[in-house]
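> For reference, the file start_39.csv (CSV, C-alpha atoms) is included below:
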chain,number,residue,atom,x,y,z
A,1,MET,CA,109.3,105.6,108.6
A,2,ASP,CA,107.9,102.9,106.4
A,3,ILE,CA,107.4,103.3,102.7
A,4,GLY,CA,106.5,101.1,99.7
A,5,SER,CA,109.3,99.6,97.7
A,6,VAL,CA,109.0,101.5,94.4
A,7,LEU,CA,108.4,104.8,96.1
A,8,ALA,CA,111.4,104.2,98.4
A,9,ASN,CA,113.8,103.1,95.6
A,10,GLN,CA,112.6,105.5,92.8
A,11,ILE,CA,111.7,108.7,94.7
A,12,LEU,CA,112.7,108.8,98.4
A,13,ILE,CA,116.1,107.3,98.6
A,14,PRO,CA,117.5,109.4,95.7
A,15,ALA,CA,116.3,112.5,97.6
A,16,LEU,CA,117.8,111.5,101.0
A,17,SER,CA,121.3,112.9,100.4
A,18,ASP,CA,119.9,116.4,100.2
A,19,PHE,CA,117.8,115.7,103.3
A,20,GLN,CA,120.8,114.5,105.2
A,21,HIS,CA,122.8,117.7,104.3
A,22,LYS,CA,119.9,119.9,105.5
A,23,TYR,CA,119.2,117.9,108.7
A,24,PRO,CA,122.4,116.1,109.7
A,25,ASP,CA,121.2,115.4,113.3
A,26,ILE,CA,118.2,113.4,112.2
A,27,GLU,CA,118.6,109.6,112.2
A,28,LEU,CA,116.2,108.0,109.8
A,29,MET,CA,115.2,104.4,110.1
A,30,LEU,CA,113.5,103.4,106.8
A,31,GLY,CA,111.4,100.3,106.5
A,32,VAL,CA,110.8,99.4,102.9
A,33,SER,CA,108.1,97.0,101.9
A,34,ASP,CA,104.6,96.9,100.3
A,35,ARG,CA,102.9,95.3,103.3
A,36,ALA,CA,100.5,97.1,105.5
A,37,ALA,CA,102.3,98.5,108.6
A,38,ASP,CA,100.8,98.8,112.1
A,39,LEU,CA,102.2,102.1,113.4
A,40,ILE,CA,101.5,101.5,117.0
A,41,SER,CA,102.6,97.9,117.5
A,42,GLU,CA,105.6,98.3,115.3
A,43,GLY,CA,106.7,101.7,116.7
A,44,ILE,CA,106.6,103.4,113.3
A,45,ASP,CA,106.2,107.2,113.4
A,46,CYS,CA,105.2,107.6,109.8
A,47,VAL,CA,104.1,105.5,106.8
A,48,ILE,CA,103.9,106.6,103.2
A,49,ARG,CA,101.2,104.7,101.3
A,50,GLY,CA,98.6,105.1,98.5
A,51,GLY,CA,94.8,105.0,98.7
A,52,ALA,CA,92.2,106.0,101.1
A,53,LEU,CA,92.9,106.5,104.8
A,54,ILE,CA,91.0,103.8,106.6
A,55,ASP,CA,92.0,104.4,110.2
A,56,SER,CA,90.3,107.7,111.3
A,57,SER,CA,92.6,107.9,114.4
A,58,MET,CA,95.5,108.7,112.1
A,59,LYS,CA,96.7,112.0,110.8
A,60,ALA,CA,97.5,112.1,107.0
A,61,ARG,CA,99.1,114.6,104.7
A,62,LYS,CA,98.6,114.2,101.0
A,63,LEU,CA,101.9,114.2,99.2
A,64,CYS,CA,100.8,113.7,95.5
A,65,GLU,CA,98.6,111.8,93.1
A,66,LEU,CA,100.1,109.2,90.8
A,67,ASP,CA,98.6,107.7,87.7
A,68,TYR,CA,98.6,104.0,87.0
A,69,VAL,CA,98.7,102.6,83.4
A,70,ILE,CA,97.7,99.2,82.1
A,71,CYS,CA,100.6,97.8,80.1
A,72,ALA,CA,102.3,94.6,78.8
A,73,SER,CA,105.4,93.7,77.0
A,74,PRO,CA,105.6,93.2,73.2
A,75,ALA,CA,106.6,89.5,73.8
A,76,TYR,CA,103.3,88.9,75.7
A,77,LEU,CA,101.2,90.9,73.2
A,78,GLU,CA,102.6,89.0,70.1
A,79,GLY,CA,99.6,87.7,68.2
A,80,LEU,CA,97.2,89.4,70.7
A,81,ARG,CA,95.3,92.6,70.4
A,82,LEU,CA,96.2,95.5,72.7
A,83,PRO,CA,93.1,96.4,74.7
A,84,GLU,CA,91.2,99.4,73.4
A,85,GLN,CA,88.4,99.4,75.9
A,86,PRO,CA,88.6,98.4,79.6
A,87,GLU,CA,86.4,95.3,79.0
A,88,ASP,CA,89.0,94.0,76.5
A,89,ILE,CA,91.3,93.2,79.4
A,90,ARG,CA,89.1,90.2,80.3
A,91,ALA,CA,90.5,88.3,77.3
A,92,HIS,CA,94.1,88.6,78.7
A,93,ARG,CA,96.3,86.8,81.2
A,94,ILE,CA,96.6,89.2,84.1
A,95,VAL,CA,99.7,90.0,86.2
A,96,SER,CA,97.9,90.9,89.4
A,97,TYR,CA,98.9,92.7,92.6
A,98,PHE,CA,97.7,91.4,95.9
A,99,SER,CA,97.8,92.7,99.5
A,100,ALA,CA,100.4,91.0,101.7
A,101,SER,CA,98.2,91.4,104.7
A,102,SER,CA,94.8,90.3,103.4
A,103,GLY,CA,95.8,88.2,100.3
A,104,LYS,CA,93.1,90.1,98.3
A,105,ARG,CA,93.9,91.1,94.7
A,106,PHE,CA,93.6,94.7,93.7
A,107,PRO,CA,91.2,95.3,90.8
A,108,LEU,CA,92.5,96.9,87.6
A,109,GLN,CA,90.6,100.2,87.5
A,110,SER,CA,90.6,102.7,84.7
A,111,HIS,CA,89.0,105.8,83.4
A,112,ARG,CA,88.9,107.5,80.0
A,113,GLY,CA,87.1,110.8,80.1
A,114,ASP,CA,83.9,110.2,82.1
A,115,GLU,CA,84.0,106.4,81.5
A,116,ARG,CA,85.1,104.5,84.6
A,117,SER,CA,85.5,100.8,85.0
A,118,GLY,CA,87.0,98.2,87.3
A,119,TYR,CA,87.9,94.6,86.7
A,120,LEU,CA,88.9,92.1,89.4
A,121,PRO,CA,90.4,89.1,87.5
A,122,ILE,CA,89.0,85.7,88.3
A,123,SER,CA,91.8,83.7,86.7
A,124,ILE,CA,95.2,85.2,86.4
A,125,GLY,CA,98.7,84.2,85.3
A,126,ILE,CA,100.6,85.4,88.3
A,127,SER,CA,100.0,87.5,91.4
A,128,VAL,CA,102.7,89.4,93.4
A,129,ASN,CA,102.7,91.6,96.4
A,130,GLU,CA,105.7,93.9,95.7
A,131,SER,CA,105.7,96.7,93.1
A,132,THR,CA,109.2,96.0,91.6
A,133,ALA,CA,108.4,92.3,91.2
A,134,HIS,CA,105.1,93.3,89.5
A,135,LEU,CA,106.8,95.5,87.0
A,136,ASN,CA,109.4,92.8,86.3
A,137,ALA,CA,106.6,90.2,85.7
A,138,LEU,CA,105.1,92.6,83.1
A,139,LEU,CA,108.5,93.2,81.5
A,140,SER,CA,109.1,89.4,81.4
A,141,GLY,CA,106.0,88.9,79.3
A,142,LEU,CA,103.9,87.1,81.9
A,143,GLY,CA,100.7,89.0,81.1
A,144,ILE,CA,99.0,92.4,81.2
A,145,GLY,CA,98.7,94.5,84.4
A,146,GLN,CA,98.6,97.9,86.0
A,147,SER,CA,101.8,99.7,87.1
A,148,PHE,CA,102.7,103.2,88.3
A,149,GLY,CA,102.9,105.5,85.2
A,150,PHE,CA,106.2,107.0,86.3
A,151,LEU,CA,107.7,103.5,86.7
A,152,ALA,CA,106.5,102.3,83.3
A,153,ARG,CA,107.1,105.3,81.1
A,154,PRO,CA,110.8,104.7,80.6
A,155,HIS,CA,109.9,101.2,79.3
A,156,PHE,CA,107.3,102.7,76.9
A,157,GLU,CA,110.0,105.0,75.5
A,158,SER,CA,112.5,102.0,75.1
A,159,GLY,CA,109.8,99.8,73.6
A,160,ALA,CA,110.0,97.2,76.4
A,161,LEU,CA,106.3,97.9,77.3
A,162,ARG,CA,103.2,98.9,75.4
A,163,TYR,CA,100.0,100.4,76.7
A,164,PRO,CA,96.5,101.3,75.6
A,165,LYS,CA,95.2,104.7,76.5
A,166,ILE,CA,93.5,103.3,79.6
A,167,VAL,CA,94.5,105.2,82.7
A,168,ARG,CA,93.7,105.1,86.4
A,169,ARG,CA,94.5,107.7,89.0
A,170,VAL,CA,95.4,106.6,92.4
A,171,ALA,CA,93.4,108.5,95.1
A,172,ALA,CA,96.6,109.9,96.7
A,173,ILE,CA,100.0,109.1,98.1
A,174,SER,CA,100.0,110.3,101.7
A,175,ALA,CA,102.2,110.4,104.8
A,176,ARG,CA,100.2,108.9,107.7
A,177,MET,CA,101.0,109.2,111.4
A,178,ASP,CA,99.3,108.0,114.5
A,179,SER,CA,97.5,111.0,116.0
A,180,GLU,CA,99.4,110.4,119.3
A,181,SER,CA,102.8,110.2,117.5
A,182,GLU,CA,105.6,112.2,119.1
A,183,ILE,CA,107.5,112.7,115.9
A,184,GLU,CA,106.9,116.4,115.7
A,185,SER,CA,108.3,116.9,119.2
A,186,ARG,CA,111.3,114.8,118.4
A,187,VAL,CA,112.3,116.5,115.2
A,188,GLY,CA,111.7,120.0,116.6
A,189,PRO,CA,109.2,122.8,115.8
A,190,ASN,CA,111.5,124.5,113.2
A,191,MET,CA,111.5,121.6,110.8
A,192,PRO,CA,108.4,121.4,108.7
A,193,MET,CA,106.9,117.9,108.6
A,194,GLY,CA,107.1,118.0,104.8
A,195,ALA,CA,110.9,118.2,105.0
A,196,LEU,CA,111.0,114.8,106.8
A,197,ILE,CA,108.7,113.4,104.1
A,198,LEU,CA,110.7,115.1,101.3
Translate this file's structure into structure tokens.


Amino acid sequence: MDIGSVLANQILIPALSDFQHKYPDIELMLGVSDRAADLISEGIDCVIRGGALIDSSMKARKLCELDYVICASPAYLEGLRLPEQPEDIRAHRIVSYFSASSGKRFPLQSHRGDERSGYLPISIGISVNESTAHLNALLSGLGIGQSFGFLARPHFESGALRYPKIVRRVAAISARMDSESEIESRVGPNMPMGALIL
């Protein structure tokens, strides 16, 4: 199984003890990175990723939806105005996230009610390709950026991050398998696929 860094460290790994007690005969090899994984060439049975399913030959099971929030540290925002509208972000130094496989930066996308917007920064302060590093860049005051809400909320409560009421919902977090994967035959018919994925 291959899963993104933040989802592995914050959600999956803390739940694995219960999984091991329930299914002691299953050996789990867990690849942890934010890069795109090629299931067939790398021999991976399942990946957990966000966003739209591009390869139609894959099977996917939606696990959840997660919100993203635009946020920054008080140190970065000192003397600056917290964005009130999505277009206000253009005046800020951006901590951007980029794809390890393509090198393309992800746009900051938001919605407030029916209002939707997207902004792909032209000039940025720093760009990273791993979620934990991205959050640490925001906490270090390097600029404003978009992080998983569940990851940023404890920092809102402590005051280490601030945020405007500009929110984006990710399409979905899903488990994806090659349609020819033999994983179901290897784990047995009595174990629901969802148990393997949590």

> Give me the residues within 8 Å of Ala160 in chain A as a PyMOL selection string, counting all atoms listed in the file and dropping any in the same chain fewer than 5 places off.

chain A and resi 73-74+139+155

> Could you state the separation of CA of Val95 in chain A and CA of Leu108 in chain A in Å, given to one decimal place?

10.1 Å

> Which residue, A:Glu78, A:Asp2, A:Asp88, A:Asp67, has the smallest gap to Arg49 in chain A when you use all atoms listed in the file?

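Closest to Arg49 in chain A of all the choices is A:Asp2.
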
> Of the residues A:Ser131, A:Gly103, A:Ile48, A:Ala36, which is the one nearest to Leu12 in chain A, using all atoms listed in the file?

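Of the candidates, the smallest distance to Leu12 in chain A is held by A:Ile48.
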
> Every residue with an atom at most 6 Å from (101.2, 97.0, 87.7) (file coordinates; all atoms listed in the file) is what I'm after, so could you write them as a list in words?

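Here the neighbourhood of the point contains His134, Leu135, Gly145, Gln146 and Ser147 of chain A.
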
> Find the distance between CA of Leu161 in chain A and CA of Thr132 in chain A and write it in Å to one decimal.

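Interatomic distance here is 14.7 Å.
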
> Quick one: of A:Leu66, A:Ala60, A:Val128, A:Met29, who's nearest to Ala175 in chain A, counting all atoms listed in the file?

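Selected residue with least distance to Ala175 in chain A: A:Ala60.
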
> Enter the distance from CA of Gln85 in chain A to CA of Ser110 in chain A, in Å, rounded to one decimal.

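Interatomic distance here is 9.7 Å.
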
> So, with all atoms listed in the file as the atoms that count, which of A:Gly31, A:Pro24, A:Pro164, A:Pro154 lies closest to Ile89 in chain A?

A:Pro164

> Quick one: of A:Gln109, A:Ala72, A:Arg176, A:Ser127, who's nearest to Gly141 in chain A, counting only C-alpha atoms?

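Counting only C-alpha atoms, the residue closest to Gly141 in chain A is A:Ala72.
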